[in-house]
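So the structure is just underneath, and the comments pick up after that.
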Amino acid sequence: MKISIQINEGPYQHQASDTAYQFAKAAIAKGHEIFRVFFYHDGVDNASRFTVPPQDDRHIVNNWADLGIKNADGNEVELVVCVAAALRRGMLDASEAGKNGIDSNNIHPAFRISGLGQLIEAGIQSDRLVVFGD
Amino acid sequence: MKISIQINEGPYQHQASDTAYQFAKAAIAKGHEIFRVFFYHDGVDNASRFTVPPQDDRHIVNNWADLGIKNADGNEVELVVCVAAALRRGMLDASEAGKNGIDSNNIHPAFRISGLGQLIEAGIQSDRLVVFGD
Amino acid sequence: MLHTINKSSFERNSLQSCLNTIDDTSVILLIEDGVICAANNANSSMLAELATQGRVFALQGDIDARGISSKVADNIKLVDYAGFVDLVVEHGTTVSWV
Amino acid sequence: MLHTINKSSFERNSLQSCLNTIDDTSVILLIEDGVICAANNANSSMLAELATQGRVFALQGDIDARGISSKVADNIKLVDYAGFVDLVVEHGTTVSWV
Amino acid sequence: MSTKKFMYLNRKAPYGTVYALESLEVVLIAAAFEQDVSLVFIDDGVYQIVDGQNTDGIGMKNFSKAYHALGDYDINQLYVSAESLTERGLSVDDLMPLVYEDEDDDWAEKPSIKVVSNVEISKIMSEQDVCLSF
Amino acid sequence: MSTKKFMYLNRKAPYGTVYALESLEVVLIAAAFEQDVSLVFIDDGVYQIVDGQNTDGIGMKNFSKAYHALGDYDINQLYVSAESLTERGLSVDDLMPLVYEDEDDDWAEKPSIKVVSNVEISKIMSEQDVCLSF
């Protein structure tokens, strides 16, 4: 089955991203396809390549990034970050940084920034859409 | 009176930072001193210089940054970001970025990263400490 | 002592928790979504007695933002941010029921 | 239809809201802090009837994390993340009461 | 593209958190996808469409006027919980007069807001293909 | 530096949000400042100190053992709401056996946890100089 995920909260502050990750891993292990993970609201902060958790803690960003190549059928799990939510919260890719005159960017390369249409499209294309939030 | 502030939530997602800012501005206008604003938990995200809100919306990061030079007596309002909370959430200054092998940083220059001791010290040094959260 | 409540009593237990532990002299300030506790509604009885004693305040700006300025319950005192500062200064320690 | 609850019924109204609108065939999965609703406590009656009907599930990992595995109320079915996936697959649309 | 039934579940007051605003942003984008869109306002979500919101005092953007645009985008199924309104001392007269023009009835202006019981919401909910929660 | 009475107000369950963990991090730092420190566990905050927490199944760090360190740092005033425990079907026997060595009583080992009524918590609260909420 084709499943998509919406994540509304950032890493560490709320369990939402952790649960969503465990859910996605379990779904892939059972042979389902995670079509798209859409990071919305503070969820966009899950995509920061600047994240440095304590040594003895999980690395939520890398966990998601590693998942991005792991669907059983070889299809990539798309990790999409909402552009409007991201800009408001200081999450930028090279293109958005350039447009806004900022000298660097912080989106992990496993994620891509795109529009809210990608969330609607995920709802249309997938058999299931599951929301994780606060 | 000497007042300090603790902020537990990031910008835009929760009103905490907005209310704290309005409170701080009002306190300064009444002749009080805002000794320190301590950004903890997701509150560290208030310090991102990458933040690009929509044109017609308030710029929470710049609001705080501008406040940093406005105490009535000329004393700076200290804007302190908790280092442990910041690293977990991908907020880095040049020094922490260097230590962790990351090529850039995203802390606005009006803020500085420091330890949790600064929160306790704010509680000791100030007449009042007010917490804003979710 | 000043207690701040920033959540609706319909959504969370923070107002009830505050009321469970508030002493006889403390005052309550409703801010952010907490101003929903200031409106006339099914939960109004929670604050009615304290309001009668003049011990309940609410942030005018948050009330106006939520379109409920015509719904404010009796005896609730409205303040602006300057009034918030005064409450913090006058009432000693502030407890935030976040 | 699958309803997920991720907050304690002591802290928030999400379980009550879900119960106000749930139909006769839907099931509930308690996750994260929502597993507090699975323990024997003053709020247990909220879910007792649905549990008897075999319609209440809870994530084992979240229960263990909160140290309440010996407190789980009768008839609540424990699942792991694979079981969560199965519930999503079997029950059609998922509604998250975040 | 196939047509699915999308439900947006709105349970939180505006301004205290960003969910109301960012939910509206999704709905407006969703309109372009020509799906069957319903909005449910329940619990404190009913405050999102209360008339007369004025944010001058809190320094935040008043986005409530954007709900009036929904009708122009053919989004006219706004279900409001009667029980939630009553509990909060509100009636339909306290809500914004949101309308749409019915193309099947000579473009007659009709109300978009339908106050319904929780039982009716339950029925509407069980017909949905996708539920987006914020 | 003067001595003040600091109270840490813990109202949230662990793991679902990070507040419990990051609150504990502050308390451990606070110990170095030699202030009068009290911790209050009320509402779902009582779950923070429930015995037998096991996070193997959720991929998160089990930080509950760190509460045992509090006694070594002279932090031994842990007040737990009796009403909150009872409502949740818990008793003091379900809590971790947190202890400290009383230097005024020949280093006798004593329990740090005191189960008290909400009325007593009210009294303790009214004696504080600073209240940190998470």
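Here, A, B, ... name the chains of the structure tokens in the order displayed, residue numbers run from 1 inside each chain, and ligands are numbered from 1 in the same displayed order.
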Give me the residues within 10 Å of segment 102-113 of chain F as a PDB file with N, CA and C atoms, in the first residue's frame, counting only C-alpha atoms and dropping any in the same chain fewer than 5 places off.
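Now in out_32.pdb:
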```pdb
ATOM      1  N   LEU F  39      11.436  20.867  43.603  1.00  0.00           N
ATOM      2  CA  LEU F  39      10.785  20.388  42.386  1.00  0.00           C
ATOM      3  C   LEU F  39       9.357  20.004  42.748  1.00  0.00           C
ATOM      4  N   VAL F  40       8.414  20.467  41.941  1.00  0.00           N
ATOM      5  CA  VAL F  40       7.025  20.068  42.137  1.00  0.00           C
ATOM      6  C   VAL F  40       6.594  19.213  40.948  1.00  0.00           C
ATOM      7  N   PHE F  41       6.039  18.047  41.248  1.00  0.00           N
ATOM      8  CA  PHE F  41       5.492  17.165  40.207  1.00  0.00           C
ATOM      9  C   PHE F  41       3.987  17.107  40.406  1.00  0.00           C
ATOM     10  N   ILE F  49       8.615  10.650  37.234  1.00  0.00           N
ATOM     11  CA  ILE F  49       9.391   9.906  38.231  1.00  0.00           C
ATOM     12  C   ILE F  49       8.786   8.542  38.544  1.00  0.00           C
ATOM     13  N   HIS F  68      18.070   9.979  39.909  1.00  0.00           N
ATOM     14  CA  HIS F  68      18.777   9.450  41.086  1.00  0.00           C
ATOM     15  C   HIS F  68      19.978  10.315  41.454  1.00  0.00           C
ATOM     16  N   LEU F  70      20.005  13.491  41.616  1.00  0.00           N
ATOM     17  CA  LEU F  70      19.612  14.741  42.286  1.00  0.00           C
ATOM     18  C   LEU F  70      20.068  14.777  43.741  1.00  0.00           C
ATOM     19  N   GLY F  71      19.926  13.633  44.436  1.00  0.00           N
ATOM     20  CA  GLY F  71      20.312  13.574  45.842  1.00  0.00           C
ATOM     21  C   GLY F  71      21.776  13.919  46.058  1.00  0.00           C
ATOM     22  N   ASP F  74      22.472  17.537  46.409  1.00  0.00           N
ATOM     23  CA  ASP F  74      21.735  18.240  47.459  1.00  0.00           C
ATOM     24  C   ASP F  74      20.385  18.766  47.016  1.00  0.00           C
ATOM     25  N   ILE F  75      19.827  18.131  46.003  1.00  0.00           N
ATOM     26  CA  ILE F  75      18.469  18.499  45.602  1.00  0.00           C
ATOM     27  C   ILE F  75      17.552  17.398  46.103  1.00  0.00           C
ATOM     28  N   ASN F  76      16.854  17.673  47.199  1.00  0.00           N
ATOM     29  CA  ASN F  76      16.116  16.614  47.881  1.00  0.00           C
ATOM     30  C   ASN F  76      14.715  17.045  48.310  1.00  0.00           C
ATOM     31  N   GLN F  77      14.237  18.130  47.733  1.00  0.00           N
ATOM     32  CA  GLN F  77      12.869  18.550  48.014  1.00  0.00           C
ATOM     33  C   GLN F  77      12.033  18.317  46.758  1.00  0.00           C
ATOM     34  N   LEU F  78      11.566  17.089  46.606  1.00  0.00           N
ATOM     35  CA  LEU F  78      10.737  16.725  45.456  1.00  0.00           C
ATOM     36  C   LEU F  78       9.306  16.534  45.960  1.00  0.00           C
ATOM     37  N   TYR F  79       8.450  17.504  45.678  1.00  0.00           N
ATOM     38  CA  TYR F  79       7.075  17.464  46.147  1.00  0.00           C
ATOM     39  C   TYR F  79       6.165  16.911  45.060  1.00  0.00           C
ATOM     40  N   VAL F  80       5.420  15.885  45.405  1.00  0.00           N
ATOM     41  CA  VAL F  80       4.535  15.225  44.442  1.00  0.00           C
ATOM     42  C   VAL F  80       3.097  15.401  44.910  1.00  0.00           C
ATOM     43  N   VAL F  92       2.848   6.221  45.884  1.00  0.00           N
ATOM     44  CA  VAL F  92       4.281   6.489  46.045  1.00  0.00           C
ATOM     45  C   VAL F  92       5.111   5.247  45.726  1.00  0.00           C
ATOM     46  N   LEU F  95       6.623   5.107  42.315  1.00  0.00           N
ATOM     47  CA  LEU F  95       7.646   6.098  41.968  1.00  0.00           C
ATOM     48  C   LEU F  95       9.048   5.559  42.225  1.00  0.00           C
ATOM     49  N   MET F  96      10.040   6.156  41.598  1.00  0.00           N
ATOM     50  CA  MET F  96      11.432   5.751  41.819  1.00  0.00           C
ATOM     51  C   MET F  96      11.815   6.050  43.269  1.00  0.00           C
ATOM     52  N   PRO F  97      12.571   5.158  43.899  1.00  0.00           N
ATOM     53  CA  PRO F  97      12.971   5.377  45.297  1.00  0.00           C
ATOM     54  C   PRO F  97      14.133   6.369  45.374  1.00  0.00           C
TER      55      PRO F  97
END
```
Would you list, as an MDAnalysis selection string, the residues of chain D that end up in alpha helix (DSSP H) under DSSP run on this structure's backbone? chainID D and resid 14:21 45:52 60:65 81:90
Which segment 19-91 of chain B residues have any atom within 8 Å of an atom of segment 4-13 of chain B, and for each, what is the nearest pair of atoms with distance in Å to one decimal, counting only C-alpha atoms, rows sorted by chain and number, as a tab-separated table?
```
residue	atom	partner	partner_atom	distance
B:Ala20	CA	B:Ile7	CA	7.4
B:Ile34	CA	B:Ser4	CA	5.7
B:Phe35	CA	B:Ser4	CA	5.3
B:Arg36	CA	B:Ser4	CA	4.9
B:Val37	CA	B:Ile5	CA	4.7
B:Phe38	CA	B:Gln6	CA	4.8
B:Phe39	CA	B:Ile7	CA	5.0
B:Tyr40	CA	B:Asn8	CA	5.1
B:His41	CA	B:Asn8	CA	5.1
B:Asp42	CA	B:Glu9	CA	4.6
B:Gly43	CA	B:Glu9	CA	4.1
B:Val44	CA	B:Gly10	CA	6.6
B:Asp45	CA	B:Gly10	CA	5.1
B:Asn46	CA	B:Pro11	CA	5.4
B:Ile60	CA	B:Pro11	CA	6.5
B:Val61	CA	B:Pro11	CA	7.9
```
Output the selection as a PDB file, in the first residue's frame - C-alpha atoms for each residue.
```
ATOM      1  CA  ALA B  20       7.132  37.956  25.584  1.00  0.00           C
ATOM      2  CA  ILE B  34      14.971  43.672  30.934  1.00  0.00           C
ATOM      3  CA  PHE B  35      18.102  42.049  32.289  1.00  0.00           C
ATOM      4  CA  ARG B  36      18.118  38.928  30.155  1.00  0.00           C
ATOM      5  CA  VAL B  37      15.911  36.999  27.754  1.00  0.00           C
ATOM      6  CA  PHE B  38      16.771  33.311  27.893  1.00  0.00           C
ATOM      7  CA  PHE B  39      15.708  31.189  24.927  1.00  0.00           C
ATOM      8  CA  TYR B  40      15.227  27.567  25.889  1.00  0.00           C
ATOM      9  CA  HIS B  41      13.641  24.474  24.285  1.00  0.00           C
ATOM     10  CA  ASP B  42      12.319  25.419  20.805  1.00  0.00           C
ATOM     11  CA  GLY B  43      12.711  29.012  21.966  1.00  0.00           C
ATOM     12  CA  VAL B  44      16.237  28.862  20.544  1.00  0.00           C
ATOM     13  CA  ASP B  45      14.707  29.083  17.062  1.00  0.00           C
ATOM     14  CA  ASN B  46      13.857  32.729  17.756  1.00  0.00           C
ATOM     15  CA  ILE B  60       9.987  38.111  15.239  1.00  0.00           C
ATOM     16  CA  VAL B  61      13.768  37.606  15.099  1.00  0.00           C
TER      17      VAL B  61
END
```
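Near chain B, the residues of chain A that fall inside 8 Å (using only C-alpha atoms) are Pro11, Tyr12, Gln13, His41, Asp42, Asp45, Ser48, Arg49, Phe50, Thr51, Val52, Pro53, Pro54, Leu87, Arg88, Arg89, Gly90, Met91, Leu92, Ala97, Asn100, Ile102, Ser104 and Asn105 of chain A.
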Chain E residues near chain B (9 Å cut-off, only C-alpha atoms) as a PyMOL selection string: chain E and resi 15-19+58-61
With a cut-off of 6 Å, could you pull out the residues of chain C touching chain D and give me the nearest pair of atoms for each, distance in Å to one decimal, using only C-alpha atoms, ordered by chain and ascending number, as a Markdown table?
```
| residue | atom | partner | partner_atom | distance |
| --- | --- | --- | --- | --- |
| C:Glu11 | CA | D:Asn13 | CA | 5.2 |
| C:Arg12 | CA | D:Arg12 | CA | 4.5 |
| C:Asn13 | CA | D:Glu11 | CA | 5.2 |
```
Polymer residues at most 8 Å from segment 59-65 of chain C, only C-alpha atoms, same-chain spacing of 3 or more positions, as a PyMOL selection string: (chain C and resi 29-33+35-36+68-69+78-81+84) or (chain E and resi 15+52-58+62)
Could you save those same residues with C-alpha atoms as a compact mmCIF listing (two decimals), in the first residue's frame?
```
# COMPACT_ATOMS: atom_id res chain seq x y z
CA LEU C 29 -3.87 36.83 34.38
CA LEU C 30 -5.35 35.24 31.25
CA ILE C 31 -3.18 35.66 28.14
CA GLU C 32 -3.04 34.25 24.60
CA ASP C 33 -5.59 31.42 24.18
CA VAL C 35 -8.46 34.61 27.34
CA ILE C 36 -11.07 32.10 26.20
CA ILE C 68 -14.82 37.95 21.99
CA SER C 69 -14.69 41.47 23.44
CA LEU C 78 -8.89 43.99 31.21
CA VAL C 79 -5.28 45.11 30.95
CA ASP C 80 -2.81 45.91 28.18
CA TYR C 81 0.85 44.81 28.14
CA PHE C 84 0.72 42.96 32.54
CA TYR E 15 -3.31 33.30 17.18
CA GLY E 52 -14.86 40.85 14.49
CA GLN E 53 -11.32 39.58 15.14
CA ASN E 54 -8.98 42.53 15.68
CA THR E 55 -5.28 41.86 16.14
CA ASP E 56 -4.09 45.48 16.44
CA GLY E 57 -3.27 44.94 20.09
CA ILE E 58 -1.03 41.89 19.71
CA ASN E 62 -5.31 39.32 11.20
```
Within 9 Å of chain C, which residues belong to chain B? Use only C-alpha atoms and report them as a short mmCIF file (atom, residue, chain, number, x, y, z; two decimals) with N, CA, C and O atoms, in the first residue's frame.
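Now in part_33.cif:
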```cif
data_model
loop_
_atom_site.label_atom_id
_atom_site.label_comp_id
_atom_site.auth_asym_id
_atom_site.auth_seq_id
_atom_site.Cartn_x
_atom_site.Cartn_y
_atom_site.Cartn_z
N MET B 1 12.61 48.17 38.05
CA MET B 1 12.79 46.80 38.49
C MET B 1 13.51 46.00 37.41
O MET B 1 13.39 46.27 36.22
N ILE B 3 13.93 42.71 35.36
CA ILE B 3 13.06 41.59 34.97
C ILE B 3 13.79 40.73 33.94
O ILE B 3 14.41 41.26 33.02
N GLN B 15 2.33 31.62 20.22
CA GLN B 15 2.32 33.06 20.50
C GLN B 15 3.33 33.44 21.58
O GLN B 15 3.57 34.64 21.81
N ALA B 16 3.95 32.47 22.23
CA ALA B 16 4.80 32.75 23.40
C ALA B 16 5.83 33.85 23.13
O ALA B 16 5.97 34.79 23.93
N THR B 19 4.15 37.34 22.71
CA THR B 19 3.70 37.93 23.97
C THR B 19 4.89 38.40 24.79
O THR B 19 4.87 39.49 25.37
N GLN B 22 6.11 41.69 23.40
CA GLN B 22 5.24 42.82 23.76
C GLN B 22 5.41 43.18 25.24
O GLN B 22 5.41 44.36 25.62
N PHE B 23 5.56 42.15 26.05
CA PHE B 23 5.77 42.36 27.48
C PHE B 23 7.10 43.10 27.72
O PHE B 23 7.16 44.07 28.48
N ALA B 24 8.14 42.65 27.04
CA ALA B 24 9.46 43.26 27.23
C ALA B 24 9.45 44.72 26.80
O ALA B 24 9.99 45.60 27.48
N LYS B 25 8.81 44.97 25.65
CA LYS B 25 8.73 46.35 25.15
C LYS B 25 8.00 47.24 26.14
O LYS B 25 8.42 48.36 26.44
N ALA B 26 6.88 46.71 26.68
CA ALA B 26 6.08 47.49 27.63
C ALA B 26 6.87 47.74 28.91
O ALA B 26 6.80 48.83 29.51
N ALA B 27 7.63 46.75 29.34
CA ALA B 27 8.42 46.90 30.57
C ALA B 27 9.49 47.98 30.39
O ALA B 27 9.68 48.84 31.27
N ALA B 29 9.38 50.42 28.26
CA ALA B 29 8.69 51.71 28.13
C ALA B 29 8.32 52.28 29.50
O ALA B 29 8.24 53.50 29.68
N LYS B 30 8.09 51.40 30.46
CA LYS B 30 7.74 51.86 31.81
C LYS B 30 8.99 52.12 32.65
O LYS B 30 8.87 52.38 33.85
N ASP B 127 14.79 40.83 39.77
CA ASP B 127 13.69 40.91 40.74
C ASP B 127 12.54 39.99 40.34
O ASP B 127 11.80 39.51 41.19
N ARG B 128 12.39 39.79 39.05
CA ARG B 128 11.31 38.94 38.55
C ARG B 128 11.81 38.11 37.38
O ARG B 128 12.61 38.60 36.57
N LEU B 129 11.30 36.87 37.28
CA LEU B 129 11.54 36.06 36.08
C LEU B 129 10.19 35.56 35.58
O LEU B 129 9.43 34.96 36.35
N VAL B 130 9.89 35.82 34.33
CA VAL B 130 8.58 35.44 33.78
C VAL B 130 8.81 34.46 32.63
O VAL B 130 9.63 34.70 31.74
N VAL B 131 8.05 33.35 32.67
CA VAL B 131 8.19 32.29 31.67
C VAL B 131 7.07 32.38 30.63
O VAL B 131 5.90 32.54 31.00
N PHE B 132 7.43 32.28 29.37
CA PHE B 132 6.46 32.22 28.28
C PHE B 132 6.63 30.91 27.53
O PHE B 132 7.75 30.58 27.12
N GLY B 133 5.53 30.16 27.39
CA GLY B 133 5.66 28.85 26.75
C GLY B 133 4.40 28.46 26.03
O GLY B 133 3.54 29.29 25.74
N ASP B 134 4.29 27.15 25.77
CA ASP B 134 3.13 26.65 25.03
C ASP B 134 1.98 26.40 26.00
O ASP B 134 2.16 25.80 27.04
#
```
Just list as a ChimeraX atom specification whatever in chain C DSSP marks as strand (DSSP E or B). /C:2-5,12,27-30,39,56-59,72,77-79,94-96
